[in-house]
Amino acid sequence: MDKRNQRQVNKRGASGLVADYRLLPGVPDEMVDAGGNIRPGWGPLISALDELGPVELATRFERADQYLRDAGVYYRKYDGAEGKERAWPLAHVPLILDESEWLTITRGLTQRAELLETIVADIYGDNELVQRGLLPPELIARNDEFLRPMVGIKPASGHFLHFCAFELGRGPDGGWWVLGDRTQAPSGAGFAVENRVATTRALSDIYGKMHVHRLAGFFRGFRDALNAIARGGDGRVGILTPGQHNETYFEHAYIARYLGFTLLEGEDLVVENGQVMVRTVSGLMPVSVLWRRMDASFVDPLELRYDSHIGTPGLTEALRQGSISMVNALGTGILETRAFSAFMPNLCRALTGRELELPSIATWWCGGAAERRHVVQNFDTMMVGSAFATGLAIEDPTGTIIGGMLGAAERQAMLARLESEGGAFVGQEQVQLSTAPVYVGGRLEPRPMTLRVYAARTEDGWMVMPGGFARVGSTQDSTAIAMQRGGQAADVWVVSQKPVERVTLLPAEGEKLVRMSSGSLPSRAADNLMWLGRYAERCEATVRILRAYNARLAEVSNPDQAILKDTRAYLDGIGVDASVPLPPGLLAAIDSAVHSAGQIRDRFSPDGWLALTDLRKTARSFAKTVQAGDDATRAMTVLLRKLAGFSGLVHENMYRFAGWRFLEIGRRLERGIQIAGSVAWCTRVNAPEGALDLLLEVGDSVMTHRRRYAVSAGVDSYVDLLVLDPLNPRSVRFQIAELYQQLERLPGGVEDGHLSMAAKAALSLDTELRVTEPEDMTTAKLSRLRIEIGNLAGLVADAYFV
């Protein structure tokens with residue numbers, strides 16, 4: 001590095017961030033070129049960071065992390081049966097790439113995407129590449145990613161590939177190399193957007209000055225392309241997800257919200273007469289495009305993996321008939337096979353007459369005698385692994401070996417396998433990843449990185465996202481860049497020398513307004529919304545009873561007092577152990593609410609999700625520390641406030657579409673069931689002294705009762721207020737009246753002047769309560785009323801969920 005640039009890098013500032021580089025083995029490769037010159041864009045960024053100082057930087061980076069926590073951004077780390085949700089690991093310092101360098105990457109990836117399209121079209125079409133000797137037949141025939149049922153099926157959209165990702169690394173000469181192609185179901189594009197939002201929260205002033213290319217234009221182009229394909233059919237666009245236990249489910253839900261597509265699981269779909277239909281609350285509705293986010297073999301248990309529980313039987317036949325466009329086409333995962341890298345240069349020359357603009361990592365397929373001999377001769381320095389693996393060799397420390405690191409016996413065994421079953425292996429040159437600066441302990445340190453870049457087919461051809469995200473290692477170990485191994489993700493800024501266009505996803509001037517119908521809600525989403533409402537209300541009812549119980553427990557010395565024993569018996573009957581200050585039954589209800597909300601993240605606001613997860617976090621914290629009596633009473637009051645906050649957010653902010661109606665139906669059903677049950681228990685003949693006062697407290701109607709009835713009012717006044725009063729939002733009748741209104745307004749609630757079965761049942765109950773006097777409402781009638789309200793839930797499920 002020349003002295004001028006060394007001075008620039010070592011420039012002192014308030015924080016000393018850059019000066020600390022002199023203590024490191026070297027400056028991160030991404031900051032300087034092969035000649036030691038600082039790459040464009042890095043100087044202004046490092047100077048700006050240096051001027052902020054360590055305290056301000058720490059504050060800003062914490063702001064970015066707080067945004068990600070508040071937005072609920074996570075990935076699932078598999079360290080158990082289902083894995084655990086982990087906070088998204090943001091590397092706060094962005095990777096800087098100059099616009100001119102990015103144009104080189106764009107050209108190379110556009111060429112590569114077109115080449116991959118040609119290859120996969122031939123594999124499932126005429127098979128000329130094998131006939132011409134450009135691809136060995138066993139590389140396809142023995143490949144688990146080769147889906148034979150897809151042979152001969154031409155995509156309805158006219159293309160196999162619509163969305164690809166590429167793993168890039170910078171070589172020693174400063175040029176970029178393709179480490180791997182991602183064509184199965186590329187993940188991370190949504191995380192790239194969240195990386196951008198979080199990073200700009202921390203560095204908004206720097207971002208505003210550096211002319212960074214926006215990401216929205218990429219997503220707008222792809223969204224419009226998918227909508228154009230859908231308009232060619234008679235349906236809409238959906239995103240097909242494996243479900244919430246997938247590693248990147250957050251991204252699936254985020255992208256669905258961001259682009260306005262419907263998030264679908266396999267159980268949401270059914271194939272009828274060759275047409276893919278979505279089960280909605282209005283019946284079956286066609287879908288024309290599915291952006292697939294699950295591995296292809298799981299999509300159809302009828303013709304592909306028979307043991308798949310997340311697919312839809314008949315989807316392959318629908319593709320065969322051309323009624324659905326799949327993005328990407330089933331079977332395109334074969335292009336990710338590691339051995340394909342060995343043939344890409346020759347394929348490019350044979351099919352295009354040109355060299356690859358972005359070379360692949362040097363790879364030798366050991367099925368060829370000359371290639372196998374080369375790998376054996378250079379065994380000590382080779383990475384050797386499965387020819388049919390689809391991940392990067394550097395991320396596969398258990399499946400990929402380096403010859404020089406093996407013992408004598410292991411070495412001989414591996415060499416023998418290469419000779420006997422060479423077609424199952426590839427050798428690749430060892431990769432020395434370039435390094436990017438990472439903020440660690442108050443200074444910047446170099447860490448190995450790869451760049452993940454996305455390409456989407458738009459109506460104008462391939463478009464490359466001007467950014468993507470960089471995967472950065474948590475240590476100097478190159479294998480630690482994977483998220484599952486502790487890696488981090490950094491935003492990528494493609495910077496220009498001049499102002500860039502501010503692109504958004506907002507409609508262009510004159511663009512036609514399209515409104516979605518209220519009945520397009522998938523049945524599974526409606527089911528989860530209803531159960532979310534039920535679980536939230538169940539939590540509130542349980543918290544109110546526990547608060548009343550613990551308040552009385554704190555006032556007496558004898559825990560076996562009649563009213564306390566009676567309350568414990570009631571709680572036991574609903575699965576809540578009151579002997580525990582914060583019972584597992586309550587925690588289970590809160591977890592169930594979070595689970596239901598997690599199934600519909602694409603339809604749930606970030607604020608609502610944050611409120612719900614905060615409730616769970618608080619409840620779990622209380623469960624470890626709270627003592628019975630006053631302490632538990634205060635804890636229940638805190639939980640009640642948080643529940644009220646969640647309910648208020650949902651009630652005030654959720655659009656009154658079908659989704660809100662199902663959520664409201666769930667709330668009213670559960671409140672009606674809970675109030676009817678508690679009134680029946682507390683007004684029974686042998687109820688202990690104090691039961692009626694506890695009932696008013698649980699029903700949140702103490703003040704109303706005092707205002708409406710005489711001091712000497714008997715049990716009938718409690719029944720009147722909490723069961724029959726049409727103006728009390730806690731009464732059973734109020735819940736039934738609300739249920740009837742919402743059921744009537746659902747799709748199919750009234751058809752040709754006739755009410756649905758659920759609406760009829762609600763109206764019948766409402767009518768019965770209207771003409772009932774308090775003295776006629778016996779314990780037996782209340783118990784029957786509770787059961788009949790529960791039966792309403794079954795009628796709703798039969799009409800909309802089954």
# chains A, B, ... in the order shown; residues from 1 in each chain; ligands from 1
>>> residues_around(residues="A:Ala71", least_positions_apart="5", cutoff="12 Å", atoms="only C-alpha atoms", output="PyMOL selection string")
chain A and resi 64-66+87-88+191+194-195+197-198+250-251+254+601+604-611+613
>>> residues_around(residues="A:Ile119", least_positions_apart="6", cutoff="9 Å", atoms="only C-alpha atoms", output="ChimeraX atom specification")
/A:129,335,347
>>> write_last_selection(atoms="N, CA and C atoms", output="PDB file, in the first residue's frame")
ATOM      1  N   LEU A 129     -27.528 -31.726 -24.242  1.00  0.00           N
ATOM      2  CA  LEU A 129     -26.226 -31.512 -23.600  1.00  0.00           C
ATOM      3  C   LEU A 129     -25.570 -32.834 -23.246  1.00  0.00           C
ATOM      4  N   LEU A 335     -29.445 -27.426 -10.603  1.00  0.00           N
ATOM      5  CA  LEU A 335     -28.396 -26.489 -11.014  1.00  0.00           C
ATOM      6  C   LEU A 335     -27.477 -26.120  -9.856  1.00  0.00           C
ATOM      7  N   LEU A 347     -19.637 -25.318 -20.942  1.00  0.00           N
ATOM      8  CA  LEU A 347     -21.023 -25.127 -21.352  1.00  0.00           C
ATOM      9  C   LEU A 347     -21.240 -23.714 -21.885  1.00  0.00           C
TER      10      LEU A 347
END
>>> residues_around(residues="stretch 645-648 of chain A", least_positions_apart="2", cutoff="10 Å", atoms="only C-alpha atoms", output="PyMOL selection string")
chain A and resi 533+536-537+607-612+614-615+639-643+650-654+667
>>> write_last_selection(atoms="N, CA and C atoms", output="tab-separated table (two decimals), in the first residue's frame")
chain	number	residue	atom	x	y	z
A	533	GLY	N	-57.90	-14.86	18.62
A	533	GLY	CA	-58.88	-14.14	19.42
A	533	GLY	C	-59.31	-14.94	20.64
A	536	ALA	N	-56.33	-15.15	23.23
A	536	ALA	CA	-56.11	-13.86	23.89
A	536	ALA	C	-57.17	-13.62	24.95
A	537	GLU	N	-58.42	-13.93	24.61
A	537	GLU	CA	-59.51	-13.74	25.57
A	537	GLU	C	-59.42	-14.74	26.73
A	607	ASP	N	-46.38	-4.09	15.29
A	607	ASP	CA	-46.71	-3.61	16.63
A	607	ASP	C	-47.50	-4.67	17.41
A	608	GLY	N	-48.46	-5.32	16.73
A	608	GLY	CA	-49.24	-6.36	17.39
A	608	GLY	C	-48.37	-7.54	17.78
A	609	TRP	N	-47.45	-7.91	16.90
A	609	TRP	CA	-46.54	-9.02	17.20
A	609	TRP	C	-45.63	-8.67	18.37
A	610	LEU	N	-45.11	-7.45	18.36
A	610	LEU	CA	-44.24	-7.01	19.45
A	610	LEU	C	-44.99	-7.03	20.78
A	611	ALA	N	-46.24	-6.56	20.79
A	611	ALA	CA	-47.03	-6.55	22.02
A	611	ALA	C	-47.26	-7.97	22.53
A	612	LEU	N	-47.52	-8.88	21.62
A	612	LEU	CA	-47.81	-10.26	22.02
A	612	LEU	C	-46.55	-10.96	22.53
A	614	ASP	N	-43.95	-9.51	23.77
A	614	ASP	CA	-43.59	-8.85	25.02
A	614	ASP	C	-44.41	-9.42	26.18
A	615	LEU	N	-45.68	-9.71	25.92
A	615	LEU	CA	-46.53	-10.34	26.93
A	615	LEU	C	-45.95	-11.69	27.33
A	639	LEU	N	-49.80	-8.06	33.58
A	639	LEU	CA	-50.19	-8.87	32.42
A	639	LEU	C	-51.51	-8.41	31.84
A	640	LEU	N	-52.43	-8.01	32.71
A	640	LEU	CA	-53.73	-7.54	32.24
A	640	LEU	C	-53.58	-6.26	31.42
A	641	ARG	N	-52.70	-5.37	31.85
A	641	ARG	CA	-52.47	-4.14	31.09
A	641	ARG	C	-51.86	-4.46	29.72
A	642	LYS	N	-50.94	-5.41	29.70
A	642	LYS	CA	-50.32	-5.78	28.42
A	642	LYS	C	-51.34	-6.45	27.50
A	643	LEU	N	-52.21	-7.25	28.05
A	643	LEU	CA	-53.27	-7.86	27.24
A	643	LEU	C	-54.20	-6.80	26.69
A	650	VAL	N	-55.04	-4.22	18.21
A	650	VAL	CA	-55.75	-4.99	17.18
A	650	VAL	C	-57.08	-4.33	16.85
A	651	HIS	N	-57.82	-3.91	17.88
A	651	HIS	CA	-59.14	-3.36	17.65
A	651	HIS	C	-59.08	-2.03	16.91
A	652	GLU	N	-58.11	-1.20	17.26
A	652	GLU	CA	-58.05	0.14	16.68
A	652	GLU	C	-57.35	0.19	15.33
A	653	ASN	N	-56.43	-0.75	15.08
A	653	ASN	CA	-55.57	-0.63	13.91
A	653	ASN	C	-55.86	-1.63	12.81
A	654	MET	N	-56.62	-2.68	13.09
A	654	MET	CA	-56.82	-3.72	12.09
A	654	MET	C	-58.00	-3.36	11.18
A	667	ARG	N	-62.79	-13.81	19.81
A	667	ARG	CA	-62.86	-13.09	21.09
A	667	ARG	C	-64.24	-13.23	21.72
>>> closest_residue(among="A:Ala202, A:Glu128, A:Trp493, A:Arg257", to="A:Asp98", atoms="only C-alpha atoms")
A:Trp493
>>> closest_residue(among="A:Pro584, A:His252, A:Thr772, A:Leu785", to="A:Ala680", atoms="only C-alpha atoms")
A:Leu785
>>> select_by_dssp(residues="stretch 465-590 of chain A", states="alpha helix (DSSP H)", output="number ranges by chain")
A: 523-553, 562-573, 584-590
>>> closest_residue(among="A:His309, A:Lys781, A:Arg502, A:Arg372", to="A:Arg417", atoms="only C-alpha atoms")
A:Arg372
>>> residues_around(residues="A:Glu459", least_positions_apart="2", cutoff="12 Å", atoms="only C-alpha atoms", output="count of residues only")
18
>>> residues_around(residues="stretch 27-36 of chain A", least_positions_apart="6", cutoff="6 Å", atoms="only C-alpha atoms", output="PyMOL selection string")
chain A and resi 1+174+434-437+446
>>> residues_around(residues="A:Pro726", least_positions_apart="3", cutoff="10 Å", atoms="only C-alpha atoms", output="list in words")
Asp720, Leu721, Leu722, Val723, Pro729, Arg730, Ser731, Val732, Arg733, Phe734, Gln735, Ile736, Ala737, Asp766, Leu769 and Arg770 of chain A
>>> closest_residue(among="A:Ala628, A:Leu392, A:Ala470, A:Ala369", to="A:Ala554", atoms="only C-alpha atoms")
A:Ala628
>>> atom_distance(atom1="atom CA of A:Glu355", atom2="atom CA of A:Gly152")
29.5 Å
>>> closest_residue(among="A:Tyr655, A:Pro522, A:Ala329, A:Glu773", to="A:Ser282", atoms="only C-alpha atoms")
A:Pro522
>>> closest_atom_pairs(of="stretch 265-289 of chain A", to="stretch 747-751 of chain A", cutoff="12 Å", atoms="only C-alpha atoms", output="Markdown table")
| residue | atom | partner | partner_atom | distance |
| --- | --- | --- | --- | --- |
| A:Thr280 | CA | A:Pro747 | CA | 9.9 |
| A:Val281 | CA | A:Pro747 | CA | 6.7 |
| A:Ser282 | CA | A:Pro747 | CA | 5.6 |
| A:Gly283 | CA | A:Pro747 | CA | 9.1 |
>>> residues_around(residues="A:Val453", least_positions_apart="4", cutoff="8 Å", atoms="only C-alpha atoms", output="list in words")
Ala165, Phe166, Glu167, Leu168, Val464, Met465, Gly467, Gly468 and Phe469 of chain A
>>> atom_distance(atom1="atom CA of A:Ala762", atom2="atom CA of A:Leu792")
7.2 Å
>>> select_by_dssp(residues="stretch 138-215 of chain A", states="strand (DSSP E)", output="VMD selection string")
chain A and resid 163 to 170 176 to 182
>>> write_last_selection(atoms="C-alpha atoms", output="CSV table (one decimal), in the first residue's frame")
chain,number,residue,atom,x,y,z
A,163,PHE,CA,-35.5,-15.7,-9.3
A,164,CYS,CA,-31.9,-16.7,-8.6
A,165,ALA,CA,-29.2,-16.0,-6.0
A,166,PHE,CA,-25.5,-16.2,-6.4
A,167,GLU,CA,-22.8,-16.6,-3.8
A,168,LEU,CA,-19.7,-14.5,-4.8
A,169,GLY,CA,-16.2,-14.3,-3.4
A,170,ARG,CA,-13.4,-11.9,-4.3
A,176,TRP,CA,-15.2,-11.8,-8.3
A,177,TRP,CA,-15.7,-15.6,-8.5
A,178,VAL,CA,-19.0,-17.5,-8.3
A,179,LEU,CA,-18.9,-19.9,-5.4
A,180,GLY,CA,-22.4,-21.3,-5.8
A,181,ASP,CA,-25.7,-20.8,-7.6
A,182,ARG,CA,-29.0,-20.7,-5.8
